[in-house]
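Containing mmCIF, C-alpha atoms and all ligand atoms: input34.cif.
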data_start
#
loop_
_atom_site.group_PDB
_atom_site.id
_atom_site.type_symbol
_atom_site.label_atom_id
_atom_site.label_comp_id
_atom_site.auth_asym_id
_atom_site.auth_seq_id
_atom_site.Cartn_x
_atom_site.Cartn_y
_atom_site.Cartn_z
ATOM 1 C CA MET H 697 0.000 0.000 0.000
ATOM 2 C CA ALA H 698 1.289 3.467 -0.813
ATOM 3 C CA LEU H 699 1.698 6.206 1.765
ATOM 4 C CA THR H 700 -1.494 8.190 2.042
ATOM 5 C CA THR H 701 -2.789 11.481 3.406
ATOM 6 C CA THR H 702 -5.136 11.544 6.391
ATOM 7 C CA LYS H 703 -8.103 12.768 4.379
ATOM 8 C CA GLU H 704 -9.853 9.451 3.863
ATOM 9 C CA MET H 705 -8.770 8.166 7.296
ATOM 10 C CA PHE H 706 -10.366 11.137 9.044
ATOM 11 C CA LYS H 707 -13.538 11.031 6.988
ATOM 12 C CA LYS H 708 -14.141 7.403 7.932
ATOM 13 C CA ALA H 709 -13.059 8.002 11.535
ATOM 14 C CA TYR H 710 -15.464 10.909 11.909
ATOM 15 C CA GLU H 711 -18.347 8.915 10.525
ATOM 16 C CA GLY H 712 -17.417 5.807 12.484
ATOM 17 C CA GLY H 713 -16.912 7.513 15.851
ATOM 18 C CA TYR H 714 -13.286 6.525 16.303
ATOM 19 C CA ALA H 715 -9.875 8.194 16.012
ATOM 20 C CA ILE H 716 -6.584 7.485 14.291
ATOM 21 C CA GLY H 717 -3.519 7.235 16.504
ATOM 22 C CA ALA H 718 -0.590 9.491 15.644
ATOM 23 C CA PHE H 719 2.462 7.984 17.279
ATOM 24 C CA ASN H 720 5.635 10.010 17.737
ATOM 25 C CA VAL H 721 8.819 8.181 16.872
ATOM 26 C CA ASP H 722 12.432 9.187 17.439
ATOM 27 C CA ASN H 723 14.150 6.366 15.610
ATOM 28 C CA ILE H 724 13.499 3.730 12.977
ATOM 29 C CA ASP H 725 13.194 0.912 15.540
ATOM 30 C CA VAL H 726 10.303 2.620 17.232
ATOM 31 C CA MET H 727 8.699 3.336 13.877
ATOM 32 C CA GLN H 728 8.845 -0.386 13.087
ATOM 33 C CA GLY H 729 7.242 -1.130 16.450
ATOM 34 C CA VAL H 730 4.415 1.330 15.779
ATOM 35 C CA LEU H 731 3.783 -0.102 12.332
ATOM 36 C CA ALA H 732 3.869 -3.690 13.550
ATOM 37 C CA GLY H 733 1.296 -2.822 16.215
ATOM 38 C CA ALA H 734 -0.959 -1.040 13.733
ATOM 39 C CA ALA H 735 -0.634 -3.768 11.088
ATOM 40 C CA GLY H 736 -1.439 -6.430 13.672
ATOM 41 C CA ALA H 737 -4.578 -4.547 14.694
ATOM 42 C CA ARG H 738 -5.503 -3.871 11.048
ATOM 43 C CA SER H 739 -5.701 -0.120 11.652
ATOM 44 C CA PRO H 740 -4.736 2.959 9.661
ATOM 45 C CA VAL H 741 -1.914 4.785 11.409
ATOM 46 C CA ILE H 742 -0.068 8.106 11.452
ATOM 47 C CA VAL H 743 3.664 8.086 12.126
ATOM 48 C CA ALA H 744 4.633 11.489 13.496
ATOM 49 C CA PHE H 745 8.069 13.092 13.502
ATOM 50 C CA SER H 746 8.968 16.197 15.448
ATOM 51 C CA GLU H 747 11.586 18.584 14.134
ATOM 52 C CA GLY H 748 14.049 17.144 16.645
ATOM 53 C CA ALA H 749 13.331 13.563 15.565
ATOM 54 C CA LEU H 750 13.775 14.509 11.915
ATOM 55 C CA LYS H 751 17.154 16.026 12.610
ATOM 56 C CA PHE H 752 18.162 13.050 14.731
ATOM 57 C CA ILE H 753 17.253 10.430 12.110
ATOM 58 C CA HIS H 754 17.912 12.584 9.028
ATOM 59 C CA PRO H 755 15.044 13.364 6.626
ATOM 60 C CA ALA H 756 16.440 11.148 3.851
ATOM 61 C CA TYR H 757 16.338 8.087 6.124
ATOM 62 C CA VAL H 758 12.837 8.968 7.270
ATOM 63 C CA ARG H 759 11.596 9.038 3.720
ATOM 64 C CA ALA H 760 13.322 5.802 2.731
ATOM 65 C CA ALA H 761 12.082 4.018 5.842
ATOM 66 C CA ALA H 762 8.541 5.267 5.325
ATOM 67 C CA GLU H 763 8.469 4.109 1.730
ATOM 68 C CA ALA H 764 9.856 0.720 2.703
ATOM 69 C CA ALA H 765 7.256 0.465 5.452
ATOM 70 C CA ALA H 766 4.435 1.283 3.071
ATOM 71 C CA LYS H 767 5.514 -1.603 0.834
ATOM 72 C CA GLU H 768 5.864 -3.946 3.813
ATOM 73 C CA CYS H 769 2.583 -3.185 5.609
ATOM 74 C CA ASP H 770 -0.807 -3.533 4.023
ATOM 75 C CA ILE H 771 -2.458 -0.718 5.999
ATOM 76 C CA PRO H 772 -2.937 3.005 5.259
ATOM 77 C CA ILE H 773 0.079 4.900 6.641
ATOM 78 C CA ALA H 774 0.454 8.675 6.808
ATOM 79 C CA ILE H 775 3.808 10.303 7.474
ATOM 80 C CA HIS H 776 3.285 13.469 9.457
ATOM 81 C CA LEU H 777 5.357 16.437 10.609
ATOM 82 C CA ASP H 778 4.436 17.237 14.216
ATOM 83 C CA HIS H 779 4.601 20.886 15.360
ATOM 84 C CA GLY H 780 6.281 22.432 12.340
ATOM 85 C CA LYS H 781 7.175 25.867 13.665
ATOM 86 C CA SER H 782 7.936 27.485 10.318
ATOM 87 C CA PRO H 783 6.638 27.374 6.747
ATOM 88 C CA GLU H 784 10.215 26.525 5.642
ATOM 89 C CA LEU H 785 10.249 23.312 7.650
ATOM 90 C CA CYS H 786 6.748 22.390 6.460
ATOM 91 C CA ARG H 787 7.764 22.957 2.831
ATOM 92 C CA ALA H 788 10.881 20.842 3.287
ATOM 93 C CA CYS H 789 8.762 17.963 4.600
ATOM 94 C CA VAL H 790 6.227 18.294 1.788
ATOM 95 C CA ASP H 791 9.119 18.144 -0.672
ATOM 96 C CA ASN H 792 10.554 15.146 1.141
ATOM 97 C CA GLY H 793 7.569 12.849 0.792
ATOM 98 C CA PHE H 794 5.542 13.599 3.919
ATOM 99 C CA THR H 795 1.821 13.185 3.321
ATOM 100 C CA SER H 796 0.738 15.471 6.167
ATOM 101 C CA VAL H 797 2.275 18.450 7.950
ATOM 102 C CA MET H 798 1.344 20.465 10.986
ATOM 103 C CA ILE H 799 2.057 24.162 11.056
ATOM 104 C CA ASP H 800 2.011 25.230 14.678
ATOM 105 C CA ALA H 801 1.830 28.994 14.826
ATOM 106 C CA SER H 802 -0.404 28.879 17.896
ATOM 107 C CA ALA H 803 2.046 30.963 19.926
ATOM 108 C CA GLN H 804 1.560 33.837 17.466
ATOM 109 C CA GLU H 805 -1.260 36.359 17.449
ATOM 110 C CA PHE H 806 -4.438 35.191 15.723
ATOM 111 C CA GLU H 807 -3.822 37.093 12.460
ATOM 112 C CA GLN H 808 -0.219 35.950 12.247
ATOM 113 C CA ASN H 809 -1.255 32.356 12.967
ATOM 114 C CA ILE H 810 -3.721 32.607 10.074
ATOM 115 C CA ALA H 811 -1.131 34.117 7.721
ATOM 116 C CA LEU H 812 1.522 31.453 8.395
ATOM 117 C CA THR H 813 -0.967 28.606 8.306
ATOM 118 C CA LYS H 814 -2.451 29.846 5.038
ATOM 119 C CA GLU H 815 0.981 29.997 3.474
ATOM 120 C CA VAL H 816 1.646 26.344 4.349
ATOM 121 C CA VAL H 817 -1.800 25.235 3.159
ATOM 122 C CA ALA H 818 -1.250 26.846 -0.267
ATOM 123 C CA TYR H 819 2.065 25.060 -0.742
ATOM 124 C CA ALA H 820 0.944 21.695 0.644
ATOM 125 C CA HIS H 821 -2.412 21.491 -1.125
ATOM 126 C CA ASP H 822 -0.768 22.186 -4.474
ATOM 127 C CA ARG H 823 1.271 19.049 -3.894
ATOM 128 C CA GLY H 824 -1.473 16.812 -2.518
ATOM 129 C CA VAL H 825 -0.413 17.086 1.122
ATOM 130 C CA VAL H 826 -2.794 17.843 3.991
ATOM 131 C CA VAL H 827 -2.255 20.391 6.767
ATOM 132 C CA GLU H 828 -3.065 20.486 10.471
ATOM 133 C CA GLY H 829 -3.241 23.858 12.219
ATOM 134 C CA GLU H 830 -3.395 24.714 15.906
ATOM 135 C CA LEU H 831 -5.475 27.198 17.816
ATOM 136 C CA GLY H 832 -5.213 27.704 21.583
ATOM 137 C CA ALA H 833 -2.556 26.811 24.118
ATOM 138 C CA ILE H 834 -2.058 23.098 24.672
ATOM 139 C CA ALA H 835 -0.789 23.199 28.214
ATOM 140 C CA GLY H 836 -2.070 21.772 31.478
ATOM 141 C CA ILE H 837 -5.107 22.479 33.574
ATOM 142 C CA GLU H 838 -2.843 24.020 36.187
ATOM 143 C CA ASP H 839 -1.820 26.819 33.871
ATOM 144 C CA ASP H 840 -5.348 28.016 33.709
ATOM 145 C CA ILE H 841 -6.164 29.002 37.255
ATOM 146 C CA ASN H 842 -6.203 32.794 37.068
ATOM 147 C CA VAL H 843 -8.169 33.300 33.919
ATOM 148 C CA ASP H 844 -11.668 34.811 34.211
ATOM 149 C CA ASP H 845 -13.005 33.733 30.835
ATOM 150 C CA LYS H 846 -14.723 30.355 30.988
ATOM 151 C CA TYR H 847 -12.590 29.243 28.039
ATOM 152 C CA GLY H 848 -9.339 30.357 29.665
ATOM 153 C CA ARG H 849 -6.366 29.654 27.477
ATOM 154 C CA PHE H 850 -8.198 26.840 25.743
ATOM 155 C CA THR H 851 -9.376 27.029 22.168
ATOM 156 C CA HIS H 852 -12.189 29.551 21.962
ATOM 157 C CA PRO H 853 -15.143 28.123 20.015
ATOM 158 C CA ASP H 854 -15.910 31.568 18.570
ATOM 159 C CA ASP H 855 -12.570 31.599 16.741
ATOM 160 C CA VAL H 856 -12.648 28.216 15.041
ATOM 161 C CA ILE H 857 -14.937 28.927 12.084
ATOM 162 C CA GLU H 858 -12.918 31.962 11.064
ATOM 163 C CA PHE H 859 -9.619 30.154 11.526
ATOM 164 C CA VAL H 860 -10.616 27.093 9.543
ATOM 165 C CA SER H 861 -12.326 28.952 6.714
ATOM 166 C CA ARG H 862 -9.594 31.558 6.265
ATOM 167 C CA THR H 863 -6.695 29.099 6.408
ATOM 168 C CA GLY H 864 -8.204 26.173 4.510
ATOM 169 C CA ILE H 865 -6.638 23.615 6.881
ATOM 170 C CA ASP H 866 -7.694 19.968 6.826
ATOM 171 C CA SER H 867 -7.695 19.375 10.589
ATOM 172 C CA LEU H 868 -7.390 21.474 13.725
ATOM 173 C CA ALA H 869 -5.502 20.814 16.958
ATOM 174 C CA ILE H 870 -7.510 22.183 19.861
ATOM 175 C CA ALA H 871 -6.649 22.865 23.479
ATOM 176 C CA ILE H 872 -9.167 21.387 25.924
ATOM 177 C CA GLY H 873 -6.886 20.377 28.780
ATOM 178 C CA THR H 874 -4.440 17.856 27.386
ATOM 179 C CA ALA H 875 -0.748 18.632 27.849
ATOM 180 C CA HIS H 876 2.554 17.576 26.386
ATOM 181 C CA GLY H 877 4.998 15.501 28.395
ATOM 182 C CA ALA H 878 4.617 13.051 31.250
ATOM 183 C CA TYR H 879 3.446 15.514 33.914
ATOM 184 C CA LYS H 880 0.059 16.606 32.718
ATOM 185 C CA PHE H 881 -1.414 17.161 36.141
ATOM 186 C CA LYS H 882 -0.124 17.932 39.599
ATOM 187 C CA PRO H 883 -0.089 15.073 42.115
ATOM 188 C CA GLY H 884 -3.538 14.783 43.646
ATOM 189 C CA GLN H 885 -5.123 16.818 40.868
ATOM 190 C CA LYS H 886 -7.995 15.136 39.105
ATOM 191 C CA PRO H 887 -7.381 14.787 35.361
ATOM 192 C CA GLN H 888 -10.102 16.466 33.364
ATOM 193 C CA LEU H 889 -10.800 17.466 29.803
ATOM 194 C CA ARG H 890 -13.162 20.258 28.795
ATOM 195 C CA PHE H 891 -15.756 18.251 26.932
ATOM 196 C CA ASP H 892 -18.050 21.287 27.047
ATOM 197 C CA ILE H 893 -15.574 23.185 24.851
ATOM 198 C CA LEU H 894 -15.093 20.190 22.556
ATOM 199 C CA GLU H 895 -18.849 19.962 22.097
ATOM 200 C CA GLU H 896 -19.152 23.643 21.240
ATOM 201 C CA ILE H 897 -16.343 23.438 18.699
ATOM 202 C CA GLN H 898 -17.832 20.325 17.168
ATOM 203 C CA GLN H 899 -21.165 22.090 16.756
ATOM 204 C CA LYS H 900 -19.511 25.049 15.038
ATOM 205 C CA LEU H 901 -17.568 22.828 12.630
ATOM 206 C CA PRO H 902 -19.795 19.896 11.744
ATOM 207 C CA GLY H 903 -17.875 17.107 10.035
ATOM 208 C CA PHE H 904 -14.495 18.741 10.591
ATOM 209 C CA PRO H 905 -11.717 16.578 12.084
ATOM 210 C CA LEU H 906 -10.249 17.774 15.380
ATOM 211 C CA VAL H 907 -6.942 16.715 16.886
ATOM 212 C CA LEU H 908 -5.864 16.070 20.465
ATOM 213 C CA HIS H 909 -2.216 16.602 21.322
ATOM 214 C CA GLY H 910 -0.543 15.609 24.577
ATOM 215 C CA ALA H 911 -2.852 12.629 24.936
ATOM 216 C CA SER H 912 -0.649 9.994 26.536
ATOM 217 C CA SER H 913 -2.184 8.060 29.403
ATOM 218 C CA VAL H 914 1.102 7.079 31.065
ATOM 219 C CA PRO H 915 -0.070 3.498 31.754
ATOM 220 C CA ARG H 916 0.821 2.408 35.281
ATOM 221 C CA ASP H 917 2.287 -0.975 34.284
ATOM 222 C CA ARG H 918 4.708 0.608 31.800
ATOM 223 C CA LEU H 919 5.654 3.375 34.204
ATOM 224 C CA ASP H 920 6.318 0.814 36.944
ATOM 225 C CA ILE H 921 8.744 -1.082 34.700
ATOM 226 C CA PHE H 922 10.466 2.174 33.778
ATOM 227 C CA ASN H 923 10.874 3.146 37.444
ATOM 228 C CA LYS H 924 11.765 -0.333 38.709
ATOM 229 C CA TYR H 925 14.807 -0.534 36.464
ATOM 230 C CA GLY H 926 16.381 2.790 37.286
ATOM 231 C CA GLY H 927 14.004 5.310 35.732
ATOM 232 C CA GLN H 928 12.866 8.238 37.853
ATOM 233 C CA MET H 929 9.436 9.458 36.841
ATOM 234 C CA PRO H 930 7.458 8.729 39.986
ATOM 235 C CA GLU H 931 4.611 11.210 39.737
ATOM 236 C CA ALA H 932 3.782 11.087 36.038
ATOM 237 C CA ILE H 933 0.036 11.350 35.433
ATOM 238 C CA GLY H 934 -1.615 11.144 32.010
ATOM 239 C CA ILE H 935 -5.061 11.462 30.466
ATOM 240 C CA PRO H 936 -7.357 8.589 31.491
ATOM 241 C CA GLU H 937 -8.091 6.277 28.580
ATOM 242 C CA GLU H 938 -11.854 6.489 28.990
ATOM 243 C CA MET H 939 -11.705 10.266 28.438
ATOM 244 C CA LEU H 940 -9.748 9.775 25.226
ATOM 245 C CA ARG H 941 -12.181 7.109 24.105
ATOM 246 C CA ARG H 942 -15.023 9.543 24.659
ATOM 247 C CA ALA H 943 -13.225 12.249 22.647
ATOM 248 C CA ALA H 944 -12.568 9.730 19.864
ATOM 249 C CA SER H 945 -16.268 8.971 19.664
ATOM 250 C CA MET H 946 -16.888 12.694 19.114
ATOM 251 C CA ALA H 947 -15.229 14.954 16.494
ATOM 252 C CA VAL H 948 -11.672 14.069 17.525
ATOM 253 C CA CYS H 949 -10.204 12.085 14.625
ATOM 254 C CA LYS H 950 -6.521 12.129 15.564
ATOM 255 C CA ILE H 951 -5.032 11.432 18.979
ATOM 256 C CA ASN H 952 -1.319 12.037 19.487
ATOM 257 C CA VAL H 953 0.759 9.715 21.607
ATOM 258 C CA GLY H 954 4.393 10.526 22.314
ATOM 259 C CA THR H 955 5.217 10.122 25.992
ATOM 260 C CA ASP H 956 3.698 6.641 26.261
ATOM 261 C CA ILE H 957 5.858 5.393 23.409
ATOM 262 C CA ARG H 958 8.965 6.627 25.194
ATOM 263 C CA VAL H 959 7.994 5.294 28.613
ATOM 264 C CA CYS H 960 7.194 1.928 27.049
ATOM 265 C CA TYR H 961 10.303 1.666 24.861
ATOM 266 C CA PHE H 962 12.797 2.851 27.446
ATOM 267 C CA GLY H 963 11.148 0.943 30.285
ATOM 268 C CA GLU H 964 11.545 -2.302 28.380
ATOM 269 C CA LEU H 965 15.040 -1.319 27.287
ATOM 270 C CA ARG H 966 16.044 -0.605 30.890
ATOM 271 C CA ARG H 967 14.640 -3.949 31.995
ATOM 272 C CA ARG H 968 16.474 -5.928 29.306
ATOM 273 C CA LEU H 969 19.738 -4.147 29.984
ATOM 274 C CA ALA H 970 19.415 -4.805 33.712
ATOM 275 C CA GLU H 971 18.479 -8.454 33.228
ATOM 276 C CA ASN H 972 21.236 -9.238 30.737
ATOM 277 C CA PRO H 973 24.377 -7.607 32.103
ATOM 278 C CA SER H 974 26.719 -10.044 30.366
ATOM 279 C CA LYS H 975 25.269 -9.582 26.899
ATOM 280 C CA PHE H 976 26.222 -6.968 24.379
ATOM 281 C CA ASP H 977 24.238 -7.929 21.322
ATOM 282 C CA GLY H 978 21.968 -4.966 20.620
ATOM 283 C CA ARG H 979 19.163 -7.209 19.426
ATOM 284 C CA THR H 980 18.835 -8.706 22.907
ATOM 285 C CA PHE H 981 17.784 -5.298 24.195
ATOM 286 C CA LEU H 982 16.285 -3.465 21.250
ATOM 287 C CA GLY H 983 14.138 -6.291 19.911
ATOM 288 C CA PRO H 984 11.981 -6.676 23.029
ATOM 289 C CA ALA H 985 11.766 -2.884 23.389
ATOM 290 C CA ARG H 986 10.446 -2.659 19.849
ATOM 291 C CA ASP H 987 8.007 -5.501 20.530
ATOM 292 C CA ALA H 988 6.763 -3.706 23.643
ATOM 293 C CA VAL H 989 5.970 -0.636 21.519
ATOM 294 C CA ALA H 990 4.073 -2.820 19.039
ATOM 295 C CA GLU H 991 2.052 -4.371 21.845
ATOM 296 C CA MET H 992 1.180 -1.025 23.413
ATOM 297 C CA VAL H 993 0.243 0.524 20.077
ATOM 298 C CA ALA H 994 -2.068 -2.402 19.284
ATOM 299 C CA ASP H 995 -3.629 -2.027 22.703
ATOM 300 C CA LYS H 996 -4.229 1.708 22.224
ATOM 301 C CA ILE H 997 -5.663 1.190 18.774
ATOM 302 C CA THR H 998 -8.081 -1.371 20.146
ATOM 303 C CA ASN H 999 -9.044 0.206 23.460
ATOM 304 C CA VAL H 1000 -8.536 3.962 23.024
ATOM 305 C CA MET H 1001 -8.721 4.897 19.335
ATOM 306 C CA GLY H 1002 -11.337 2.332 18.392
ATOM 307 C CA SER H 1003 -9.711 1.947 14.968
ATOM 308 C CA ALA H 1004 -8.861 -1.770 15.056
ATOM 309 C CA GLY H 1005 -10.056 -3.560 11.946
ATOM 310 C CA LYS H 1006 -10.648 -0.282 10.056
ATOM 311 C CA ALA H 1007 -7.682 -0.608 7.671
HETATM 312 ZN ZN ZN H 1101 1.749 18.218 20.201
#
Would you mind writing the file's structure down as structure tokens?
Ligand SMILES: [Zn+2]
Amino acid sequence: MALTTTKEMFKKAYEGGYAIGAFNVDNIDVMQGVLAGAAGARSPVIVAFSEGALKFIHPAYVRAAAEAAAKECDIPIAIHLDHGKSPELCRACVDNGFTSVMIDASAQEFEQNIALTKEVVAYAHDRGVVVEGELGAIAGIEDDINVDDKYGRFTHPDDVIEFVSRTGIDSLAIAIGTAHGAYKFKPGQKPQLRFDILEEIQQKLPGFPLVLHGASSVPRDRLDIFNKYGGQMPEAIGIPEEMLRRAASMAVCKINVGTDIRVCYFGELRRRLAENPSKFDGRTFLGPARDAVAEMVADKITNVMGSAGKA
């Protein structure tokens, strides 16, 4: 199967009340794990690369690996740039075979965000590539305490129609309480997402795919392995899976998972290293770590995204 954009994936996901997982990878091993998990669950999948990951792997290797993967796996695969901060980077990825790019100008003023996003959309659409934009601050609940407005720093439903229609984007990342990283909430704080805001946005943009960033759950079993074998992330708290499942059943068509991939991969890697001190064959350590990623991805696809069997 050839690499594909997210257009068809999102259309079916919206209609079917599920979401497509976008999994962040930092190396080719992890990408193979993600694809094995998705292929096993017969699900479409988005492999996401941050700017840092691209630099680390090198764009030429990313492209070659993605094309090889598309030939290997009989599922729809989109290759996506996560948080492209500049039109230059987005253009470079479009030119390098990516099927989807995100322009994240959400830190800019509204008009500037529109201008930059529009510029990327024009370039990408001409070349058959889809674009994700972002509106609102994807941070944590705790950052929102002193704001009077009921919408706080979250995506304001009044802005979305104008943003989407003026930019021409294909999907929109919204801020409703998810956060990047492993520490999404303070200890003792109850995780919550603003489903009231999601509902309002969904009503304003019927049929339009929304995206959740910072949506790792930090599964306890994976975190325990990570910590047991020398890791130190004791208080990490993620978004409960049932909340993500609920969002996936609504207008959210793409759910990003980065932290969980890392916790899973490096937890298993730490365990294998600790348990095999006399070995030095990389496959002894990296193989099981890759398999652990595949297993977790299949589990998320089945129990969180709801996209198993939709390939
Ligand atoms: Zn993000």
* Evaluate the PyMOL selection byres (((chain H and resi 736) around 10) and not hetatm) and report residues as a PyMOL selection string -> chain H and resi 730-735+737-739+769+771+990-991+993-994+1004-1005
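Taking atom CA of H:Tyr819 and atom CA of H:Ile865 as the two end points, the separation is 11.7 Å.
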* Counting only C-alpha atoms and all ligand atoms, what residues are within 9 Å of ligand ZN 1101 (chain H), given as a PyMOL selection string? -> chain H and resi 746+778-779+800+834+869+875-876+908-911+952-954
Emit the selected residues as a PDB file, keeping the file's coordinate frame, including C-alpha atoms.
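Done, and the output landed in out.pdb:
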ATOM      1  CA  SER H 746       8.968  16.197  15.448  1.00  0.00           C
ATOM      2  CA  ASP H 778       4.436  17.237  14.216  1.00  0.00           C
ATOM      3  CA  HIS H 779       4.601  20.886  15.360  1.00  0.00           C
ATOM      4  CA  ASP H 800       2.011  25.230  14.678  1.00  0.00           C
ATOM      5  CA  ILE H 834      -2.058  23.098  24.672  1.00  0.00           C
ATOM      6  CA  ALA H 869      -5.502  20.814  16.958  1.00  0.00           C
ATOM      7  CA  ALA H 875      -0.748  18.632  27.849  1.00  0.00           C
ATOM      8  CA  HIS H 876       2.554  17.576  26.386  1.00  0.00           C
ATOM      9  CA  LEU H 908      -5.864  16.070  20.465  1.00  0.00           C
ATOM     10  CA  HIS H 909      -2.216  16.602  21.322  1.00  0.00           C
ATOM     11  CA  GLY H 910      -0.543  15.609  24.577  1.00  0.00           C
ATOM     12  CA  ALA H 911      -2.852  12.629  24.936  1.00  0.00           C
ATOM     13  CA  ASN H 952      -1.319  12.037  19.487  1.00  0.00           C
ATOM     14  CA  VAL H 953       0.759   9.715  21.607  1.00  0.00           C
ATOM     15  CA  GLY H 954       4.393  10.526  22.314  1.00  0.00           C
TER      16      GLY H 954
END
* Check what the PyMOL selection byres (((chain H and resi 941) around 8) and not hetatm) selects in the file above and give those residues as a ChimeraX atom specification. => /H:714,937-940,942-945,999-1002
Could you turn the residues from that selection into a file that holds C-alpha atoms, as an mmCIF file, keeping the file's coordinate frame?
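The file below, again26.cif, is the result:
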data_model
loop_
_atom_site.group_PDB
_atom_site.id
_atom_site.type_symbol
_atom_site.label_atom_id
_atom_site.label_comp_id
_atom_site.auth_asym_id
_atom_site.auth_seq_id
_atom_site.Cartn_x
_atom_site.Cartn_y
_atom_site.Cartn_z
ATOM 1 C CA TYR H 714 -13.286 6.525 16.303
ATOM 2 C CA GLU H 937 -8.091 6.277 28.580
ATOM 3 C CA GLU H 938 -11.854 6.489 28.990
ATOM 4 C CA MET H 939 -11.705 10.266 28.438
ATOM 5 C CA LEU H 940 -9.748 9.775 25.226
ATOM 6 C CA ARG H 942 -15.023 9.543 24.659
ATOM 7 C CA ALA H 943 -13.225 12.249 22.647
ATOM 8 C CA ALA H 944 -12.568 9.730 19.864
ATOM 9 C CA SER H 945 -16.268 8.971 19.664
ATOM 10 C CA ASN H 999 -9.044 0.206 23.460
ATOM 11 C CA VAL H 1000 -8.536 3.962 23.024
ATOM 12 C CA MET H 1001 -8.721 4.897 19.335
ATOM 13 C CA GLY H 1002 -11.337 2.332 18.392
#
* To do: Evaluate the PyMOL selection byres (((chain H and resi 970-987) around 8) and not hetatm) here and jot the selected residues down as a list in words.
  => Asp725, Val726, Gln728, Gly729, Tyr925, Cys960, Tyr961, Phe962, Gly963, Glu964, Leu965, Arg966, Arg967, Arg968, Leu969, Ala988, Val989, Ala990 and Glu991 of chain H
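Going from atom CA of H:Gly832 over to atom CA of H:Val907, you cover 12.1 Å.
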* Asked: Counting all atoms listed in the file, which of H:Val743, H:Phe752, H:Ser867, H:Met929 gets nearest to H:Ile799?
  -> H:Ser867
Have stretch 929-945 of chain H completed to N, CA and C atoms, please, and pass it along as a compact mmCIF listing (two decimals), keeping the file's coordinate frame.
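Result file is result.txt:
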# COMPACT_ATOMS: atom_id res chain seq x y z
N MET H 929 10.59 8.63 37.21
CA MET H 929 9.44 9.46 36.84
C MET H 929 8.27 9.08 37.74
N PRO H 930 8.43 9.29 39.05
CA PRO H 930 7.46 8.73 39.99
C PRO H 930 6.06 9.31 39.89
N GLU H 931 5.92 10.58 39.61
CA GLU H 931 4.61 11.21 39.74
C GLU H 931 3.90 11.45 38.40
N ALA H 932 4.38 10.82 37.35
CA ALA H 932 3.78 11.09 36.04
C ALA H 932 2.31 10.70 36.01
N ILE H 933 1.48 11.61 35.53
CA ILE H 933 0.04 11.35 35.43
C ILE H 933 -0.43 11.74 34.03
N GLY H 934 -1.14 10.86 33.36
CA GLY H 934 -1.62 11.14 32.01
C GLY H 934 -3.12 11.33 31.93
N ILE H 935 -3.62 11.31 30.71
CA ILE H 935 -5.06 11.46 30.47
C ILE H 935 -5.71 10.07 30.54
N PRO H 936 -6.71 9.91 31.39
CA PRO H 936 -7.36 8.59 31.49
C PRO H 936 -7.89 8.12 30.13
N GLU H 937 -7.73 6.82 29.89
CA GLU H 937 -8.09 6.28 28.58
C GLU H 937 -9.57 6.46 28.26
N GLU H 938 -10.42 6.38 29.29
CA GLU H 938 -11.85 6.49 28.99
C GLU H 938 -12.22 7.90 28.50
N MET H 939 -11.45 8.90 28.94
CA MET H 939 -11.70 10.27 28.44
C MET H 939 -11.31 10.38 26.96
N LEU H 940 -10.20 9.74 26.62
CA LEU H 940 -9.75 9.78 25.23
C LEU H 940 -10.74 9.02 24.34
N ARG H 941 -11.22 7.92 24.87
CA ARG H 941 -12.18 7.11 24.10
C ARG H 941 -13.43 7.94 23.82
N ARG H 942 -13.84 8.70 24.83
CA ARG H 942 -15.02 9.54 24.66
C ARG H 942 -14.76 10.62 23.59
N ALA H 943 -13.57 11.23 23.64
CA ALA H 943 -13.22 12.25 22.65
C ALA H 943 -13.19 11.64 21.25
N ALA H 944 -12.66 10.41 21.16
CA ALA H 944 -12.57 9.73 19.86
C ALA H 944 -13.95 9.45 19.29
N SER H 945 -14.91 9.24 20.15
CA SER H 945 -16.27 8.97 19.66
C SER H 945 -16.94 10.25 19.19
